[in-house]
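Beneath this line is the structure, given in structure tokens, with notes to follow.
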Amino acid sequence: MVSSQFGKPQSCAGVPPAAAAEQSAYGGSPTLPPGVGLPHQPLITPATASDHVAIHRFLLSVFQSPTAAEFHAQLEHPQYEPTDRLLVRRGEQIVSHLRMQHRQLRFGPLWIPACYVSEVATLPEYRGRGCASALLEDAQRRMQQQGARIGMLRTSTPDFYQRRGWVACFRPSFVAADAREILSRLCHARAESRPDLLASEEAPAVPELSIRLWRHIEQGALMRLYDQHLQRAYGAWQRSPDEWRWLISRRGYDRIYVAIEGRDRQELDDECPAIVGYATMRERRIVELMTGDQRLDVAAHLLQRACGDVIEHSEHRVRLDTPPDHPLLRMLNLPAPQRLSEADTGDVCMVRVFKPLALLAQLCPLLLDRARVAGLSLPCELGLLLDDQKYQLALTRRSVRVVPGKVGRSYLRCSLGDLVRLMLGHVDLREAAENGSRESGPYGFSTSLAQELAQALFPRLPVWLPPWDDLGAGD
């Protein structure tokens, strides 16, 4: 992997994040100046299967990745189409490339059609001339035509995308700690007789839990546990059975542990064991830990086994990629998950909501549920002053509507981009209010009632994108 002007590489990712390939004074214009061996207006064409060899060679020249195994795995994805790649050419030579991946994003009780953008790249001699800008503009048009409500990407150079309407959101969350320290905290939990975490050695859990490596015939159990997680998740991808088979065969992991409740039946002709959790490992990193019914005892057993194996291989630190609200972190008094700040230049997730008000309308049933949980007095109204455009959320006991043209006395003032961050649960309005006055900052409130309503309707959410889907294939 290389960093160059494409930003920092991801150590475990086989597919480089979307990179800001254009750092030019031409801004968002897709027009190329003449005299560089390209037409004045770049010709963007979808790729075909015959382009795959040339595309792989191009990506290797820019990113020094993906490997042959990873590129082949991309082509084997059940939803892959060659036309998901967009190209700018100079004759037969590829000079710029962008890849789209169509997905479904889980957002509480809702599914949001999304498109993930990656491998944005331009040859060095053609950078700064609008190639990537033209590709991104064309990709956004195609995403909307194919039904996507939201575009997503990861990048280490977000300024390029911010100038084109993308906003930082969905930042990675993880905990990195010494493996022995984690084991020590588990032992401390035993000493405090915490049966909800891990039973003591003198009084083992009933029924007994055991941890071992998984077998391929147990793929259905992994799918079941992941689907249970989806019921309460914000940010997870939908995985069809075909996508699960692709994910397993891709080998973007080193090992998978399963937690089994009761007797572990090893005979293939016997009924499958009661698998109640799994942990997917990549080197010293737990990239996915799932349990049934949020079982803390199962999560603790899996974490203990992972830490033990890390120590056995003479390693020290272990990383757990996890939602920021995972109860295991709180119960074991582990540090809060690390989050990249707005000023950090690490792996930043960015989104582009193509029709924010249409997404807001889709979220209306969710807003009504939040209003009921918060005990708001209904009916009520919250105005939205968005870049001088007026709208109002009208809440009744049975519905929420978006009414254009008025804001009322109690309203929230922000930009359209800041509304996107609110809708996707990226902002803590209570924290923002503590750091500034009611009228200052990107979010302003006309009254204290407006602030109360906005905090209830737009809470910060534990959004987490499981990284397993985008880890590179093993060689």
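Note on naming: chains are A, B, ... as they come in the structure tokens, residues start from 1 per chain, ligands start from 1 in the order shown.
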*Pick out each residue of stretch 37-126 of chain A that DSSP on the backbone tags as helix (DSSP H, G or I); I need them as a ChimeraX atom specification.*
/A:49-63,68-76,82-84,124-126
Same residues, N, CA and C atoms, output as an mmCIF file, in the first residue's frame:
data_model
loop_
_atom_site.group_PDB
_atom_site.id
_atom_site.type_symbol
_atom_site.label_atom_id
_atom_site.label_comp_id
_atom_site.auth_asym_id
_atom_site.auth_seq_id
_atom_site.Cartn_x
_atom_site.Cartn_y
_atom_site.Cartn_z
ATOM 1 N N ALA A 49 -16.155 -6.253 -18.975
ATOM 2 C CA ALA A 49 -15.347 -7.360 -18.481
ATOM 3 C C ALA A 49 -13.973 -7.401 -19.145
ATOM 4 N N SER A 50 -13.881 -6.943 -20.378
ATOM 5 C CA SER A 50 -12.595 -6.962 -21.073
ATOM 6 C C SER A 50 -11.609 -5.947 -20.511
ATOM 7 N N ASP A 51 -12.098 -5.014 -19.642
ATOM 8 C CA ASP A 51 -11.218 -3.999 -19.052
ATOM 9 C C ASP A 51 -10.556 -4.452 -17.754
ATOM 10 N N HIS A 52 -10.937 -5.617 -17.219
ATOM 11 C CA HIS A 52 -10.498 -5.986 -15.880
ATOM 12 C C HIS A 52 -8.987 -6.093 -15.755
ATOM 13 N N VAL A 53 -8.320 -6.663 -16.719
ATOM 14 C CA VAL A 53 -6.863 -6.794 -16.631
ATOM 15 C C VAL A 53 -6.217 -5.416 -16.591
ATOM 16 N N ALA A 54 -6.662 -4.519 -17.465
ATOM 17 C CA ALA A 54 -6.104 -3.170 -17.495
ATOM 18 C C ALA A 54 -6.435 -2.394 -16.215
ATOM 19 N N ILE A 55 -7.643 -2.599 -15.658
ATOM 20 C CA ILE A 55 -8.023 -1.921 -14.416
ATOM 21 C C ILE A 55 -7.135 -2.365 -13.267
ATOM 22 N N HIS A 56 -6.905 -3.664 -13.166
ATOM 23 C CA HIS A 56 -6.053 -4.160 -12.084
ATOM 24 C C HIS A 56 -4.643 -3.610 -12.214
ATOM 25 N N ARG A 57 -4.130 -3.578 -13.431
ATOM 26 C CA ARG A 57 -2.795 -3.031 -13.649
ATOM 27 C C ARG A 57 -2.762 -1.543 -13.265
ATOM 28 N N PHE A 58 -3.821 -0.809 -13.599
ATOM 29 C CA PHE A 58 -3.906 0.619 -13.260
ATOM 30 C C PHE A 58 -3.918 0.815 -11.739
ATOM 31 N N LEU A 59 -4.744 0.051 -11.027
ATOM 32 C CA LEU A 59 -4.840 0.204 -9.573
ATOM 33 C C LEU A 59 -3.519 -0.140 -8.895
ATOM 34 N N LEU A 60 -2.827 -1.143 -9.386
ATOM 35 C CA LEU A 60 -1.525 -1.489 -8.825
ATOM 36 C C LEU A 60 -0.535 -0.344 -9.024
ATOM 37 N N SER A 61 -0.611 0.330 -10.167
ATOM 38 C CA SER A 61 0.328 1.421 -10.431
ATOM 39 C C SER A 61 0.072 2.619 -9.526
ATOM 40 N N VAL A 62 -1.181 2.798 -9.064
ATOM 41 C CA VAL A 62 -1.516 3.943 -8.226
ATOM 42 C C VAL A 62 -1.434 3.599 -6.740
ATOM 43 N N PHE A 63 -2.130 2.524 -6.342
ATOM 44 C CA PHE A 63 -2.235 2.155 -4.932
ATOM 45 C C PHE A 63 -1.254 1.066 -4.504
ATOM 46 N N ALA A 68 -3.793 -9.777 -6.487
ATOM 47 C CA ALA A 68 -4.538 -10.548 -7.489
ATOM 48 C C ALA A 68 -5.700 -11.296 -6.842
ATOM 49 N N ALA A 69 -5.463 -11.845 -5.631
ATOM 50 C CA ALA A 69 -6.532 -12.572 -4.936
ATOM 51 C C ALA A 69 -7.679 -11.650 -4.568
ATOM 52 N N GLU A 70 -7.351 -10.456 -4.085
ATOM 53 C CA GLU A 70 -8.401 -9.521 -3.698
ATOM 54 C C GLU A 70 -9.177 -9.023 -4.912
ATOM 55 N N PHE A 71 -8.491 -8.708 -6.000
ATOM 56 C CA PHE A 71 -9.192 -8.232 -7.197
ATOM 57 C C PHE A 71 -10.110 -9.322 -7.741
ATOM 58 N N HIS A 72 -9.636 -10.557 -7.743
ATOM 59 C CA HIS A 72 -10.486 -11.665 -8.182
ATOM 60 C C HIS A 72 -11.699 -11.797 -7.270
ATOM 61 N N ALA A 73 -11.503 -11.592 -5.958
ATOM 62 C CA ALA A 73 -12.623 -11.673 -5.018
ATOM 63 C C ALA A 73 -13.653 -10.587 -5.312
ATOM 64 N N GLN A 74 -13.192 -9.390 -5.686
ATOM 65 C CA GLN A 74 -14.129 -8.325 -6.045
ATOM 66 C C GLN A 74 -15.022 -8.753 -7.215
ATOM 67 N N LEU A 75 -14.409 -9.389 -8.196
ATOM 68 C CA LEU A 75 -15.166 -9.796 -9.384
ATOM 69 C C LEU A 75 -16.164 -10.908 -9.070
ATOM 70 N N GLU A 76 -15.904 -11.670 -7.996
ATOM 71 C CA GLU A 76 -16.772 -12.784 -7.632
ATOM 72 C C GLU A 76 -17.933 -12.378 -6.738
ATOM 73 N N PRO A 82 -19.434 -5.265 -14.052
ATOM 74 C CA PRO A 82 -18.323 -4.449 -14.572
ATOM 75 C C PRO A 82 -18.695 -2.974 -14.731
ATOM 76 N N THR A 83 -19.967 -2.689 -15.021
ATOM 77 C CA THR A 83 -20.393 -1.306 -15.211
ATOM 78 C C THR A 83 -20.405 -0.502 -13.912
ATOM 79 N N ASP A 84 -20.177 -1.165 -12.758
ATOM 80 C CA ASP A 84 -20.047 -0.438 -11.500
ATOM 81 C C ASP A 84 -18.738 0.342 -11.435
ATOM 82 N N PRO A 124 -0.716 10.033 -11.866
ATOM 83 C CA PRO A 124 -0.087 11.270 -11.379
ATOM 84 C C PRO A 124 -0.035 12.386 -12.406
ATOM 85 N N GLU A 125 0.262 12.069 -13.660
ATOM 86 C CA GLU A 125 0.411 13.115 -14.663
ATOM 87 C C GLU A 125 -0.910 13.756 -15.072
ATOM 88 N N TYR A 126 -2.060 13.186 -14.616
ATOM 89 C CA TYR A 126 -3.362 13.747 -14.964
ATOM 90 C C TYR A 126 -4.106 14.288 -13.747
#
_Spatial neighbours of stretch 439-454 of chain A, max dist 6 Å, only C-alpha atoms, sep filter under 2 positions, as an MDAnalysis selection string_ = chainID A and resid 410:414 437 456:458
*List every residue of stretch 404-458 of chain A that DSSP, applied to the backbone of this structure, assigns to strand (DSSP E), and report them as a ChimeraX atom specification.*
/A:404,411-414,444-445
_Interatomic distance (Å, one decimal) between atom CA of A:Ala148 and atom CA of A:Leu395_ = 27.3 Å
*Counting only C-alpha atoms, the option among A:Gly277, A:Gly151, A:Gly408, A:Gly128 closest to A:Thr291*: A:Gly277
*asked:* Report, in Å to a single decimal, how far apart atom CA of A:Thr322 and atom CA of A:Cys169 are.
replied: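 These two atoms are separated by 16.5 Å.
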_Residues near A:Gly308, anyone? I mean within 9 Å using only C-alpha atoms, not counting same-chain ones fewer than 5 positions away, as a list in words._
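Result of the neighbour search: Ala179, Arg180, Leu183, Leu303 and His313 of chain A.
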Would you pick out the contacts of A:Thr280 at 7 Å or less, using only C-alpha atoms, so that residues sharing its chain but fewer than 4 positions from it are not included, and give the list as a compact mmCIF listing (two decimals) with N, CA and C atoms, in the first residue's frame?
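Result file follows (selection_13.txt):
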# COMPACT_ATOMS: atom_id res chain seq x y z
N TYR A 253 -10.19 -12.83 6.78
CA TYR A 253 -10.04 -13.07 8.22
C TYR A 253 -9.01 -14.18 8.42
N ARG A 255 -9.26 -16.25 11.48
CA ARG A 255 -9.98 -17.31 12.19
C ARG A 255 -11.31 -16.76 12.71
N ILE A 256 -12.24 -17.66 12.92
CA ILE A 256 -13.53 -17.33 13.50
C ILE A 256 -13.77 -18.24 14.68
N TYR A 257 -14.02 -17.66 15.83
CA TYR A 257 -14.39 -18.44 17.01
C TYR A 257 -15.90 -18.46 17.15
N ILE A 286 -10.14 -7.91 16.48
CA ILE A 286 -11.48 -8.51 16.47
C ILE A 286 -12.36 -7.60 15.63
N VAL A 287 -12.64 -8.02 14.41
CA VAL A 287 -13.35 -7.14 13.48
C VAL A 287 -14.86 -7.27 13.61
N GLU A 288 -15.33 -8.34 14.22
CA GLU A 288 -16.78 -8.50 14.39
C GLU A 288 -17.03 -9.46 15.54
N LEU A 289 -17.81 -9.01 16.52
CA LEU A 289 -18.18 -9.83 17.67
C LEU A 289 -19.69 -9.75 17.83
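Put simply, atom CA of A:Pro273 is 16.4 Å away from atom CA of A:Leu302.
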*For A:Arg251, which residue out of A:Val400, A:Ala432, A:Cys187, A:Leu471 is the nearest one, using only C-alpha atoms?*
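Comparing A:Val400, A:Ala432, A:Cys187, A:Leu471 against A:Arg251, the winner is A:Leu471.
Among the candidate residues A:Ala168, A:Leu366, A:Ser377, A:Leu429, the one lying nearest to A:Ser399 is A:Leu366, with distances computed using only C-alpha atoms.
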*Out of A:Val403, A:Met281, A:Ala233, A:Cys380, which residue has the shortest atom-to-atom distance to A:His326 when counting only C-alpha atoms?*
A:Ala233
*Near A:Arg319, counting only C-alpha atoms, which residues have an atom at most 6 Å away, once you skip same-chain residues fewer than 3 positions from it, shown as JSON, numbers by chain?*
{"A": [175, 176, 285]}
